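Shown below: target-v9.pdb, with PDB, C-alpha atoms and all ligand atoms.
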ATOM      1  CA  MET A   5       0.000   0.000   0.000
ATOM      2  CA  SER A   6       1.751   3.141  -1.147
ATOM      3  CA  SER A   7      -1.102   5.651  -0.991
ATOM      4  CA  HIS A   8       0.685   7.152   1.932
ATOM      5  CA  ALA A   9       3.745   8.291  -0.031
ATOM      6  CA  GLY A  10       4.530  11.942   0.358
ATOM      7  CA  HIS A  11       3.209  12.314   3.879
ATOM      8  CA  GLY A  12       6.204  12.977   6.062
ATOM      9  CA  HIS A  13       7.940  10.554   8.298
ATOM     10  CA  HIS A  14       5.872   7.542   7.387
ATOM     11  CA  ASP A  15       7.681   7.584   4.061
ATOM     12  CA  THR A  16      10.610   5.725   5.511
ATOM     13  CA  HIS A  17       8.316   2.940   6.687
ATOM     14  CA  ALA A  18       5.393   3.108   4.275
ATOM     15  CA  ALA A  19       7.134   0.939   1.732
ATOM     16  CA  ASP A  20       7.672  -1.824   4.300
ATOM     17  CA  ILE A  21       4.125  -1.786   5.610
ATOM     18  CA  ASP A  22       1.501  -3.899   3.956
ATOM     19  CA  TRP A  23      -1.774  -2.419   5.190
ATOM     20  CA  ASP A  24      -3.708  -5.339   3.737
ATOM     21  CA  ILE A  25      -2.038  -7.469   6.388
ATOM     22  CA  LEU A  26      -1.616  -4.936   9.167
ATOM     23  CA  GLY A  27      -5.108  -3.426   8.757
ATOM     24  CA  PRO A  28      -7.003  -6.645   9.556
ATOM     25  CA  LEU A  29      -4.464  -7.504  12.263
ATOM     26  CA  LEU A  30      -4.934  -4.167  14.052
ATOM     27  CA  GLU A  31      -8.674  -4.536  13.649
ATOM     28  CA  GLN A  32      -8.806  -8.060  15.105
ATOM     29  CA  GLU A  33      -6.523  -7.087  17.942
ATOM     30  CA  ALA A  34      -8.692  -4.141  18.926
ATOM     31  CA  GLU A  35     -11.816  -6.289  18.545
ATOM     32  CA  LEU A  36     -10.370  -8.888  20.911
ATOM     33  CA  ASN A  37      -9.839  -6.074  23.410
ATOM     34  CA  GLY A  38     -13.313  -4.681  22.770
ATOM     35  CA  THR A  39     -14.689  -5.504  26.207
ATOM     36  CA  GLN A  40     -11.631  -3.994  27.870
ATOM     37  CA  TYR A  41     -11.757  -0.806  25.790
ATOM     38  CA  GLU A  42     -15.469  -0.460  26.432
ATOM     39  CA  GLU A  43     -14.882  -0.824  30.160
ATOM     40  CA  ALA A  44     -12.230   1.901  29.927
ATOM     41  CA  ALA A  45     -14.594   4.195  28.029
ATOM     42  CA  ARG A  46     -17.367   3.598  30.600
ATOM     43  CA  TRP A  47     -14.895   4.386  33.372
ATOM     44  CA  ILE A  48     -14.248   7.769  31.723
ATOM     45  CA  ALA A  49     -17.959   8.385  31.162
ATOM     46  CA  ALA A  50     -18.709   7.686  34.838
ATOM     47  CA  LEU A  51     -16.019   9.925  36.358
ATOM     48  CA  PRO A  52     -17.683  12.351  38.759
ATOM     49  CA  THR A  53     -15.947  15.214  36.953
ATOM     50  CA  ALA A  54     -16.849  13.973  33.465
ATOM     51  CA  PRO A  55     -18.006  16.753  31.157
ATOM     52  CA  LYS A  56     -20.740  16.271  28.602
ATOM     53  CA  VAL A  57     -18.839  14.667  25.785
ATOM     54  CA  ARG A  58     -19.881  16.262  22.503
ATOM     55  CA  ARG A  59     -16.741  15.784  20.449
ATOM     56  CA  VAL A  60     -14.205  12.966  20.615
ATOM     57  CA  LEU A  61     -10.884  12.778  18.775
ATOM     58  CA  ASP A  62      -9.487   9.274  18.380
ATOM     59  CA  ILE A  63      -5.864  10.018  17.561
ATOM     60  CA  GLY A  64      -4.120   7.328  15.525
ATOM     61  CA  SER A  65      -7.456   5.538  15.289
ATOM     62  CA  GLY A  66      -6.213   2.917  12.866
ATOM     63  CA  PRO A  67      -9.186   0.834  11.699
ATOM     64  CA  GLY A  68     -11.565   2.608  14.074
ATOM     65  CA  VAL A  69     -12.645  -0.206  16.375
ATOM     66  CA  VAL A  70     -12.232   1.999  19.424
ATOM     67  CA  SER A  71     -13.628   5.062  17.618
ATOM     68  CA  CYS A  72     -16.888   3.150  17.072
ATOM     69  CA  LEU A  73     -16.939   1.966  20.682
ATOM     70  CA  LEU A  74     -16.498   5.563  21.805
ATOM     71  CA  ALA A  75     -19.419   6.572  19.575
ATOM     72  CA  GLU A  76     -21.547   3.966  21.351
ATOM     73  CA  VAL A  77     -20.448   4.900  24.866
ATOM     74  CA  PHE A  78     -20.843   8.650  24.217
ATOM     75  CA  PRO A  79     -24.151   8.781  22.326
ATOM     76  CA  GLU A  80     -24.220  12.576  22.155
ATOM     77  CA  ALA A  81     -20.757  12.916  20.688
ATOM     78  CA  GLU A  82     -19.392  13.347  17.230
ATOM     79  CA  VAL A  83     -16.388  11.046  16.936
ATOM     80  CA  VAL A  84     -13.488  11.917  14.658
ATOM     81  CA  ALA A  85     -11.105   9.118  13.721
ATOM     82  CA  VAL A  86      -7.743  10.747  13.023
ATOM     83  CA  ASP A  87      -4.986   8.836  11.270
ATOM     84  CA  ALA A  88      -2.240   9.323   8.696
ATOM     85  CA  THR A  89      -3.139   6.167   6.771
ATOM     86  CA  PRO A  90      -6.108   6.422   4.381
ATOM     87  CA  ALA A  91      -6.461   2.624   4.046
ATOM     88  CA  LEU A  92      -7.109   2.383   7.799
ATOM     89  CA  LEU A  93      -9.530   5.309   7.819
ATOM     90  CA  GLU A  94     -11.501   3.578   5.089
ATOM     91  CA  ARG A  95     -11.841   0.551   7.360
ATOM     92  CA  ALA A  96     -12.931   2.910  10.137
ATOM     93  CA  SER A  97     -15.735   4.516   8.142
ATOM     94  CA  ASN A  98     -16.915   1.161   6.777
ATOM     95  CA  ARG A  99     -17.139  -0.071  10.316
ATOM     96  CA  ALA A 100     -19.047   3.006  11.503
ATOM     97  CA  ARG A 101     -21.506   2.481   8.653
ATOM     98  CA  ARG A 102     -21.922  -1.202   9.549
ATOM     99  CA  LEU A 103     -22.549  -0.362  13.203
ATOM    100  CA  GLY A 104     -25.012   2.402  12.419
ATOM    101  CA  VAL A 105     -23.034   5.275  13.970
ATOM    102  CA  ILE A 106     -21.904   6.898  10.721
ATOM    103  CA  ASP A 107     -24.122   9.970  11.220
ATOM    104  CA  ARG A 108     -21.939  11.005  14.175
ATOM    105  CA  PHE A 109     -18.682   9.742  12.719
ATOM    106  CA  ARG A 110     -15.962  11.421  10.671
ATOM    107  CA  THR A 111     -12.528  10.460   9.511
ATOM    108  CA  LEU A 112      -9.704  12.949   9.213
ATOM    109  CA  GLU A 113      -6.501  12.132   7.402
ATOM    110  CA  ALA A 114      -3.833  13.961   9.351
ATOM    111  CA  GLU A 115      -0.131  13.614   9.926
ATOM    112  CA  LEU A 116       0.819  14.470  13.483
ATOM    113  CA  PRO A 117       2.150  16.542  15.020
ATOM    114  CA  SER A 118       2.156  18.942  12.049
ATOM    115  CA  ASP A 119      -1.604  18.730  11.454
ATOM    116  CA  LEU A 120      -2.559  19.218  15.097
ATOM    117  CA  ASP A 121      -4.191  22.562  14.363
ATOM    118  CA  ARG A 122      -6.611  20.900  11.899
ATOM    119  CA  LEU A 123      -8.197  18.633  14.510
ATOM    120  CA  GLY A 124     -10.426  21.122  16.299
ATOM    121  CA  GLU A 125     -11.382  21.056  19.960
ATOM    122  CA  ALA A 126     -12.644  18.084  21.917
ATOM    123  CA  ASP A 127     -14.090  16.967  25.246
ATOM    124  CA  LEU A 128     -12.279  13.631  25.009
ATOM    125  CA  ILE A 129      -9.017  12.880  23.235
ATOM    126  CA  TRP A 130      -8.257   9.174  23.065
ATOM    127  CA  ALA A 131      -4.772   8.197  21.899
ATOM    128  CA  GLY A 132      -4.567   4.409  21.755
ATOM    129  CA  ASN A 133      -1.075   3.073  21.207
ATOM    130  CA  SER A 134      -0.366   6.114  19.090
ATOM    131  CA  LEU A 135       1.465   8.734  21.175
ATOM    132  CA  HIS A 136       4.582   6.556  21.053
ATOM    133  CA  HIS A 137       4.619   6.979  17.258
ATOM    134  CA  LEU A 138       5.370  10.691  17.690
ATOM    135  CA  GLY A 139       8.962  11.873  18.132
ATOM    136  CA  ASP A 140       8.322  14.463  20.833
ATOM    137  CA  GLN A 141       5.680  12.898  23.073
ATOM    138  CA  ARG A 142       5.671  15.769  25.549
ATOM    139  CA  ALA A 143       5.091  18.368  22.829
ATOM    140  CA  ALA A 144       2.343  16.239  21.287
ATOM    141  CA  LEU A 145       0.675  15.868  24.672
ATOM    142  CA  ALA A 146       0.867  19.634  25.184
ATOM    143  CA  GLY A 147      -0.765  19.963  21.766
ATOM    144  CA  PHE A 148      -3.578  17.618  22.813
ATOM    145  CA  ALA A 149      -4.035  19.577  26.055
ATOM    146  CA  GLY A 150      -4.425  22.718  23.960
ATOM    147  CA  LEU A 151      -7.338  21.146  22.060
ATOM    148  CA  LEU A 152      -9.281  20.166  25.177
ATOM    149  CA  ARG A 153     -12.375  22.059  26.183
ATOM    150  CA  PRO A 154     -12.643  22.982  29.889
ATOM    151  CA  GLY A 155     -13.114  19.815  31.953
ATOM    152  CA  GLY A 156     -12.043  17.653  29.014
ATOM    153  CA  THR A 157      -9.968  14.490  29.267
ATOM    154  CA  VAL A 158      -6.989  12.946  27.503
ATOM    155  CA  ALA A 159      -6.900   9.138  27.617
ATOM    156  CA  LEU A 160      -3.583   7.541  26.715
ATOM    157  CA  VAL A 161      -3.324   3.822  26.101
ATOM    158  CA  GLU A 162       0.351   3.141  26.709
ATOM    159  CA  GLY A 163       2.314   0.436  28.466
ATOM    160  CA  GLY A 164       0.462  -2.512  29.906
ATOM    161  CA  LEU A 165       1.855  -6.004  29.451
ATOM    162  CA  PRO A 166       2.905  -7.694  26.212
ATOM    163  CA  ALA A 167       0.794 -10.624  25.120
ATOM    164  CA  ARG A 168       1.609 -14.116  26.391
ATOM    165  CA  ARG A 169       0.444 -16.856  24.063
ATOM    166  CA  LEU A 170       2.721 -19.788  24.750
ATOM    167  CA  PRO A 171       3.968 -21.645  27.804
ATOM    168  CA  ARG A 172       7.562 -20.922  28.803
ATOM    169  CA  ASP A 173       8.572 -24.387  27.672
ATOM    170  CA  ILE A 174       6.857 -25.534  24.486
ATOM    171  CA  GLY A 175       8.993 -28.650  24.110
ATOM    172  CA  ILE A 176      10.831 -27.307  21.033
ATOM    173  CA  GLY A 177      14.015 -25.204  21.123
ATOM    174  CA  GLN A 178      15.226 -23.286  24.170
ATOM    175  CA  PRO A 179      12.548 -22.550  26.774
ATOM    176  CA  GLY A 180      11.617 -18.857  27.041
ATOM    177  CA  LEU A 181      10.973 -18.162  23.338
ATOM    178  CA  GLU A 182       8.216 -15.660  23.935
ATOM    179  CA  ALA A 183      10.224 -13.708  26.515
ATOM    180  CA  ARG A 184      13.059 -13.431  23.967
ATOM    181  CA  MET A 185      10.564 -12.239  21.348
ATOM    182  CA  THR A 186       9.398  -9.554  23.770
ATOM    183  CA  ALA A 187      13.000  -8.455  24.312
ATOM    184  CA  ALA A 188      13.566  -8.313  20.538
ATOM    185  CA  ALA A 189      10.362  -6.296  20.156
ATOM    186  CA  ALA A 190      11.641  -3.816  22.748
ATOM    187  CA  THR A 191      14.822  -3.344  20.704
ATOM    188  CA  ARG A 192      12.780  -2.860  17.540
ATOM    189  CA  PHE A 193      10.495  -0.395  19.329
ATOM    190  CA  GLU A 194      13.488   1.663  20.427
ATOM    191  CA  ARG A 195      14.843   1.670  16.852
ATOM    192  CA  MET A 196      11.440   2.767  15.606
ATOM    193  CA  ARG A 197      11.372   5.625  18.111
ATOM    194  CA  SER A 198      14.913   6.757  17.405
ATOM    195  CA  GLU A 199      14.080   7.094  13.705
ATOM    196  CA  LEU A 200      11.037   9.314  14.277
ATOM    197  CA  PRO A 201      11.417  12.964  13.246
ATOM    198  CA  GLY A 202      12.220  15.110  16.272
ATOM    199  CA  ALA A 203      12.753  11.965  18.342
ATOM    200  CA  LYS A 204      13.218  12.955  21.953
ATOM    201  CA  ARG A 205      13.888  10.686  24.870
ATOM    202  CA  GLU A 206      11.366  11.029  27.642
ATOM    203  CA  ILE A 207      10.767   9.367  30.972
ATOM    204  CA  GLU A 208       7.513   7.600  30.194
ATOM    205  CA  ASP A 209       5.815   8.712  33.378
ATOM    206  CA  TRP A 210       2.517   9.719  31.834
ATOM    207  CA  ALA A 211       1.087  11.189  35.036
ATOM    208  CA  ALA A 212       4.154  13.443  35.378
ATOM    209  CA  LEU A 213       3.873  14.496  31.738
ATOM    210  CA  PHE A 214       0.177  15.298  32.188
ATOM    211  CA  THR A 215       1.101  17.592  35.056
ATOM    212  CA  GLU A 216       3.815  19.255  33.023
ATOM    213  CA  VAL A 217       1.422  20.110  30.215
ATOM    214  CA  GLY A 218      -1.161  21.513  32.612
ATOM    215  CA  LEU A 219      -3.473  18.512  32.990
ATOM    216  CA  ALA A 220      -4.412  16.893  36.284
ATOM    217  CA  PRO A 221      -3.731  13.140  36.397
ATOM    218  CA  GLN A 222      -7.127  11.461  36.867
ATOM    219  CA  GLY A 223      -6.054   7.872  37.351
ATOM    220  CA  THR A 224      -4.500   4.864  35.680
ATOM    221  CA  ARG A 225      -6.170   1.520  35.203
ATOM    222  CA  SER A 226      -5.198  -1.685  33.443
ATOM    223  CA  PHE A 227      -7.599  -3.939  31.633
ATOM    224  CA  LEU A 228      -6.908  -7.622  31.283
ATOM    225  CA  LEU A 229      -7.538  -9.744  28.234
ATOM    226  CA  ASP A 230      -7.539 -13.305  29.507
ATOM    227  CA  LEU A 231      -8.393 -16.042  27.009
ATOM    228  CA  PRO A 232      -7.135 -19.372  28.365
ATOM    229  CA  ALA A 233      -6.472 -22.459  26.245
ATOM    230  CA  PRO A 234      -8.121 -23.937  24.341
ATOM    231  CA  LEU A 235      -8.670 -20.956  22.042
ATOM    232  CA  SER A 236     -11.571 -20.624  19.660
ATOM    233  CA  ARG A 237     -10.645 -20.908  15.987
ATOM    234  CA  PRO A 238     -10.837 -17.131  15.273
ATOM    235  CA  VAL A 239      -8.678 -16.234  18.280
ATOM    236  CA  ARG A 240      -6.192 -18.959  17.388
ATOM    237  CA  ASP A 241      -6.062 -17.614  13.823
ATOM    238  CA  HIS A 242      -5.340 -14.152  15.205
ATOM    239  CA  VAL A 243      -2.527 -15.483  17.383
ATOM    240  CA  VAL A 244      -1.047 -17.267  14.363
ATOM    241  CA  ALA A 245      -1.252 -14.071  12.276
ATOM    242  CA  SER A 246       0.321 -11.969  15.051
ATOM    243  CA  ILE A 247       3.198 -14.366  15.597
ATOM    244  CA  ALA A 248       3.756 -14.615  11.813
ATOM    245  CA  ARG A 249       4.046 -10.837  11.650
ATOM    246  CA  GLU A 250       6.391 -10.748  14.632
ATOM    247  CA  ARG A 251       8.672 -13.319  12.998
ATOM    248  CA  ASP A 252       8.736 -11.153   9.859
ATOM    249  CA  VAL A 253       9.428  -7.826  11.547
ATOM    250  CA  LEU A 254      11.816  -9.086  14.221
ATOM    251  CA  GLY A 255      13.998 -10.726  11.573
ATOM    252  CA  ASP A 256      17.640 -10.730  12.642
ATOM    253  CA  LEU A 257      16.816  -9.621  16.177
ATOM    254  CA  LEU A 258      16.025 -13.289  16.806
ATOM    255  CA  THR A 259      18.584 -16.081  16.862
ATOM    256  CA  ALA A 260      18.618 -18.565  13.988
ATOM    257  CA  GLU A 261      17.452 -21.233  16.399
ATOM    258  CA  ASP A 262      14.457 -19.204  17.569
ATOM    259  CA  SER A 263      13.584 -18.311  13.972
ATOM    260  CA  ALA A 264      13.638 -21.999  13.065
ATOM    261  CA  VAL A 265      11.345 -22.775  16.000
ATOM    262  CA  LEU A 266       8.979 -20.036  14.805
ATOM    263  CA  ASP A 267       8.973 -21.561  11.319
ATOM    264  CA  ARG A 268       7.873 -24.845  12.840
ATOM    265  CA  LEU A 269       5.254 -23.155  14.997
ATOM    266  CA  LEU A 270       3.834 -21.382  11.957
ATOM    267  CA  ASP A 271       3.749 -24.470   9.724
ATOM    268  CA  PRO A 272       0.079 -25.478   9.404
ATOM    269  CA  GLU A 273       1.149 -29.097   8.831
ATOM    270  CA  ASP A 274       3.310 -29.369  11.948
ATOM    271  CA  PRO A 275       1.394 -31.188  14.715
ATOM    272  CA  GLU A 276       3.368 -29.202  17.320
ATOM    273  CA  GLY A 277       2.634 -25.932  15.524
ATOM    274  CA  LEU A 278       0.315 -23.119  16.580
ATOM    275  CA  HIS A 279      -2.496 -24.376  14.373
ATOM    276  CA  HIS A 280      -2.794 -27.577  16.398
ATOM    277  CA  ARG A 281      -1.197 -27.342  19.821
ATOM    278  CA  PRO A 282      -3.676 -27.259  22.702
ATOM    279  CA  ASP A 283      -1.681 -24.908  24.944
ATOM    280  CA  VAL A 284      -1.954 -21.685  22.898
ATOM    281  CA  HIS A 285      -3.649 -18.937  24.906
ATOM    282  CA  LEU A 286      -3.926 -15.155  24.943
ATOM    283  CA  LEU A 287      -3.155 -13.106  28.027
ATOM    284  CA  ALA A 288      -2.411  -9.376  27.807
ATOM    285  CA  ALA A 289      -3.043  -6.115  29.639
ATOM    286  CA  ARG A 290      -3.669  -2.606  28.346
ATOM    287  CA  THR A 291      -3.107   0.392  30.573
ATOM    288  CA  VAL A 292      -5.131   3.596  30.242
ATOM    289  CA  HIS A 293      -3.895   6.872  31.772
ATOM    290  CA  LEU A 294      -6.223   9.848  32.175
ATOM    291  CA  GLY A 295      -5.394  13.554  32.376
ATOM    292  CA  ARG A 296      -7.995  16.257  32.843
ATOM    293  CA  ARG A 297      -8.096  19.908  31.962
ATOM    294  CA  GLY A 298      -9.478  22.160  34.705
ATOM    295  CA  ASP A 299     -12.879  23.860  34.288
TER     296      ASP A 299
HETATM  297  C1  LIG A 301      -0.550   0.813  16.765
HETATM  298  S1  LIG A 301      -1.733   1.609  15.756
HETATM  299  C2  LIG A 301      -3.053   1.864  16.940
HETATM  300  C3  LIG A 301      -4.426   1.781  16.331
HETATM  301  C4  LIG A 301      -5.591   1.954  17.313
HETATM  302  N1  LIG A 301      -5.547   3.228  18.009
HETATM  303  C5  LIG A 301      -5.619   0.840  18.325
HETATM  304  O1  LIG A 301      -5.302   1.078  19.502
HETATM  305  O2  LIG A 301      -5.985  -0.271  17.965
HETATM  306  C6  LIG A 301      -1.026   3.233  15.575
HETATM  307  C7  LIG A 301      -1.784   4.116  14.579
HETATM  308  O3  LIG A 301      -1.220   5.425  14.598
HETATM  309  C8  LIG A 301      -1.139   5.909  13.272
HETATM  310  N2  LIG A 301      -0.033   6.874  13.236
HETATM  311  C9  LIG A 301       1.271   6.618  13.457
HETATM  312  N3  LIG A 301       2.008   7.735  13.348
HETATM  313  C10 LIG A 301       1.134   8.727  13.042
HETATM  314  C11 LIG A 301       1.280  10.133  12.787
HETATM  315  N4  LIG A 301       2.489  10.723  12.830
HETATM  316  N5  LIG A 301       0.179  10.857  12.520
HETATM  317  C12 LIG A 301      -1.037  10.267  12.476
HETATM  318  N6  LIG A 301      -1.244   8.952  12.695
HETATM  319  C13 LIG A 301      -0.176   8.192  12.973
HETATM  320  C14 LIG A 301      -0.885   4.688  12.425
HETATM  321  O4  LIG A 301      -1.308   4.897  11.080
HETATM  322  C15 LIG A 301      -1.702   3.624  13.151
HETATM  323  O5  LIG A 301      -3.005   3.520  12.641
END
Take the structure I supplied and represent it as structure tokens, if you would.
Ligand SMILES: C[S@@+](CC[C@H](N)C(=O)[O-])C[C@H]1O[C@@H](n2cnc3c(N)ncnc32)[C@H](O)[C@@H]1O
Amino acid sequence: MSSHAGHGHHDTHAADIDWDILGPLLEQEAELNGTQYEEAARWIAALPTAPKVRRVLDIGSGPGVVSCLLAEVFPEAEVVAVDATPALLERASNRARRLGVIDRFRTLEAELPSDLDRLGEADLIWAGNSLHHLGDQRAALAGFAGLLRPGGTVALVEGGLPARRLPRDIGIGQPGLEARMTAAAATRFERMRSELPGAKREIEDWAALFTEVGLAPQGTRSFLLDLPAPLSRPVRDHVVASIARERDVLGDLLTAEDSAVLDRLLDPEDPEGLHHRPDVHLLAARTVHLGRRGD
């Protein structure tokens, strides 16, 4: 998918990203976390200080699963799905149409932080796994704070716990494969961040950053996704697709032995592979941090 060419920093990555694979993957992942995200949204809606939410910005919405949930939880709000990738925004509006919320739903193709001033004001700004894609997270957060109406809230989904899908010892290769994949992913994440334009190192203490940009920390909660073995076919398929993508993007950050084990795990014919083994599960946590603008 190259429709993104010419839009700033994504250029360096756009060529490597196949949105036809990543789009459905992001969508399934958010769908699997649907209950957790809805619980988070209801937590925000029920805060004693919650303002009437009339406009929501979902920053880095991707395929819009959470944007649509926010439209359902805040029935009086217009929800704007903001993303730099048109192919994902198309998924978002198709979804909003399917779910019958399209009359209160908009998509906005925007490259952040440069397009911040095109977003308009909001009572709720949700940034789900997206702030970390911006080089200067503090400046971006200050930008979000500047868009909030009095009493409005920023919700950041950052941190949490990486998914666990396999036992420590799977009987093939060295025990601890998934922990080594997590370590490799951390290295890749740091590379990704260091290549962002204006990349700036920051202590990722979101509550402290809220305070520094003039928002009052309103609480942090984590939401658990806990699907024990045996997995249903669709969840198993998602786990297979996620691990296939991780093998592809982690490449030489994994040892040859671990890569060979992953090849076996991903082989649909292998009886010890992910398609057949009974011990595949899905356990993960997402953390949501809230910051509020004073009245
Ligand atoms: C990891 S996905 C998160 C998708 C969704 N919020 C979720 O939680 O499922 C990050 C999203 O941020 C978008 N994104 C990354 N950098 C961006 C930028 N500089 N401006 C706008 N969107 C960006 C990507 O296109 C992608 O859809």
Protein and nucleic acid residues within 6 Å of ligand LIG 301 (chain A) (all atoms listed in the file) as number ranges by chain: A: 30, 34, 64-66, 87-89, 114-116, 132-134, 137-138
Any chance you could export the current selection's C-alpha atoms as a compact mmCIF listing (two decimals), in the coordinates of the input?
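Full text of part-v7.txt as output:
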# COMPACT_ATOMS: atom_id res chain seq x y z
CA LEU A 30 -4.93 -4.17 14.05
CA ALA A 34 -8.69 -4.14 18.93
CA GLY A 64 -4.12 7.33 15.52
CA SER A 65 -7.46 5.54 15.29
CA GLY A 66 -6.21 2.92 12.87
CA ASP A 87 -4.99 8.84 11.27
CA ALA A 88 -2.24 9.32 8.70
CA THR A 89 -3.14 6.17 6.77
CA ALA A 114 -3.83 13.96 9.35
CA GLU A 115 -0.13 13.61 9.93
CA LEU A 116 0.82 14.47 13.48
CA GLY A 132 -4.57 4.41 21.76
CA ASN A 133 -1.08 3.07 21.21
CA SER A 134 -0.37 6.11 19.09
CA HIS A 137 4.62 6.98 17.26
CA LEU A 138 5.37 10.69 17.69
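In this structure, CA of Leu229 (chain A) sits 27.8 Å away from CA of Gly156 (chain A).
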Report the residues retrieved by the PyMOL selection byres (((chain A and resi 224) around 10) and not hetatm) from the displayed file, expressed as a PyMOL selection string. chain A and resi 159-161+210-211+221-223+225-226+291-295
What's around Arg184 (chain A) at 10 Å? Count all atoms listed in the file, leave out sequence neighbours fewer than 3 positions away in its own chain, and write the answer as number ranges by chain. A: 179-181, 187-190, 257-259, 262
Of the listed residues A:Val60, A:Arg153, A:Arg101, A:Ile176, that which approaches Asp274 (chain A) most closely, counting all atoms listed in the file: A:Ile176
What is the CA of Ala126 (chain A)-CA of Glu94 (chain A) distance in Å, reported with one decimal?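 Interatomic distance, CA of Ala126 (chain A) to CA of Glu94 (chain A): 22.2 Å.
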Residue nearest His136 (chain A) - candidates A:Glu113, A:Leu93, A:Arg205, A:Val105, atoms counted: all atoms listed in the file: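 Among A:Glu113, A:Leu93, A:Arg205, A:Val105, it is A:Arg205 that comes nearest to His136 (chain A).
Relative to CA of Leu120 (chain A), CA of Leu103 (chain A) is found at 28.0 Å.
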Counting all atoms listed in the file, which residue out of A:Leu269, A:Phe109, A:Gly68, A:His242 sits closest to Pro90 (chain A)?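 Result for the nearest residue to Pro90 (chain A): A:Gly68.
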The PyMOL selection byres (((chain A and resi 48) around 10) and not hetatm) - which residues does that actually catch in the file I just gave you? List them as number ranges by chain. A: 42-47, 49-55, 77, 128, 157-159, 222-223, 294
The PyMOL selection byres (((chain A and resi 27) around 8) and not hetatm) on the file shown: which residues, as number ranges by chain? A: 23-26, 28-31, 66-67, 91-92, 95
Gly175 (chain A) environment, 12 Å, all atoms listed in the file, sequence neighbours closer than 6 positions dropped, as number ranges by chain: A: 181, 265, 268-269, 276-277, 281, 283
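With distances restricted to only C-alpha atoms, A:Ala75 is the closest residue to Gly104 (chain A) from A:Leu286, A:Ala75, A:Val243, A:Val86.
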Can you tell me which residues surround Leu228 (chain A) at a distance of at most 12 Å, considering all atoms listed in the file, apart from same-chain residues fewer than 6 positions away, and format the answer as a PyMOL selection string? chain A and resi 36-41+43-44+164-168+286-292
Can you sort out the box for region 277-290 of chain A, edges along x, y and z, all listed atoms in, 3 Å on every side, with centre and edge lengths in Å to one decimal, as JSON?
{"center_x": -0.6, "center_y": -15.1, "center_z": 22.0, "size_x": 12.6, "size_y": 31.0, "size_z": 21.3}
Rank A:Met185, A:Leu73, A:Ala85, A:Ala146 by their smallest atom-to-atom distance to Arg249 (chain A), using only C-alpha atoms, and report the top residue only.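 Of A:Met185, A:Leu73, A:Ala85, A:Ala146, the one nearest Arg249 (chain A) is A:Met185, counting only C-alpha atoms.
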In terms of the shortest atom-to-atom distance over all atoms listed in the file, which of A:Arg99, A:Asp230, A:Ala212, A:Lys56 is closest to Gly155 (chain A)? A:Lys56
